[in-house]
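Student: Below: one structure in structure tokens.
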Amino acid sequence: INRLLSLSLENVSLEDMLERAIDDITSIPWLSLESRGAIFLVEDDIEVLVMKAQRRLSMSLQTMCSSVPFGRCMCGRAALSGQTQFADHIDERHEHRYEGISAHGHYCVPIVSAGKVLGVINTYVKEGHTYNKKEEDFLRAVSAVLAGIIERKRGEQKQAELLKQLESANKELNDFAHIVSHDLKAPLRGIK
């Protein structure tokens with residue numbers, strides 16, 4: 001959590017921050033994770049998760065899970081319910097399957113801010129892994145930190161866009177003022 005908070009202070013893009021965050025999350029030895037996972041965010045379509053960062057996922061899975069509707073598969077169920085989804089093996093909630101898929105389970109933890117789902121953290125656990133409340137609590141704490149970072153980064157991005165629009169509007173206003181000034185002076189020059 002401290003590394004995520006430190007990372008949030010660096011001047012990096014949201015995408016870079018998410019890449020580094022999934023690296024940190026999947027490398028925590030005491031979490032019993034399989035060093036695989038992904039972070040999904042909700043973007044333009046408020047009912048779809050978009051994979052933004054991943055570690056060690058097969059190309060098949062990256063393609064299948066590049067966009068996940070709310071309610072579909074484990075990540076989509078976590079997003080729809082706003083609740084952590086845990087599985088100790090591949091079950092009926094694993095809708096995305098492919099030839100050669102390895103046995104595994106998941107913690108899918110929603111990233112929530114002010115009651116609104118911003119995304120999902122998807123981590124892999126070994127098949128047969130026993131649910132651990134401390135692991136879920138930790139992942140929920142990570143999720144809360146990520147929610148704050150995501151909100152701040154999106155706010156910074158929106159602020160930058162608004163500043164750009166303001167600069168453009170100021171330029172147009174200055175150009176207009178120059179034209180009006182010139183047009184108003186023309187009759188005076190003629191009279192003079």
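Order determines the names: the first chain of the structure tokens is A, the second B, and so forth; residues in each chain are numbered 1 upward, and ligands are numbered 1 upward as they are shown.
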If you run DSSP over the backbone, which residues in segment 85-149 of chain A end up helix (DSSP H, G or I)? Put them as an NGL selection string.

Tutor: :A and (133-149)

Student: With only C-alpha atoms as the basis for distance, which of A:Val180, A:Ile121, A:Leu57, A:Leu9 is at the shortest distance from Thr84 of chain A?

Tutor: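 Closest candidate: A:Ile121.
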
Student: Going by DSSP on the backbone, which bits of chain A are strand (DSSP E)? Write them as an NGL selection string, please.

Tutor: :A and (33-42 or 48-55 or 67-69 or 85-87 or 105-113 or 116-125)

Student: Show which residues sit within 10 Å of Leu33 of chain A, as a list in words. Count only C-alpha atoms, and ignore same-chain residues fewer than 3 positions away.

Tutor: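 Using only C-alpha atoms, the neighbours found are Ile25, Thr26, Ser27, Ile28, Pro29, Trp30, Arg36, Gly37, Gly105, His106, Tyr107, Thr123, Tyr124, Val125, Lys126, His129 and Glu135 of chain A.
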
Student: Closest to Met51 of chain A among A:Ile150, A:Leu18, A:Val12, A:Leu31, using only C-alpha atoms?

Tutor: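 Once distances to Met51 of chain A are computed over only C-alpha atoms, the minimum belongs to A:Leu18.
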
Student: Work out how far apart atom CA of Ser102 of chain A and atom CA of Ser60 of chain A are and give it in Å to one decimal.

Tutor: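 Distance reported for this atom pair: 12.3 Å.
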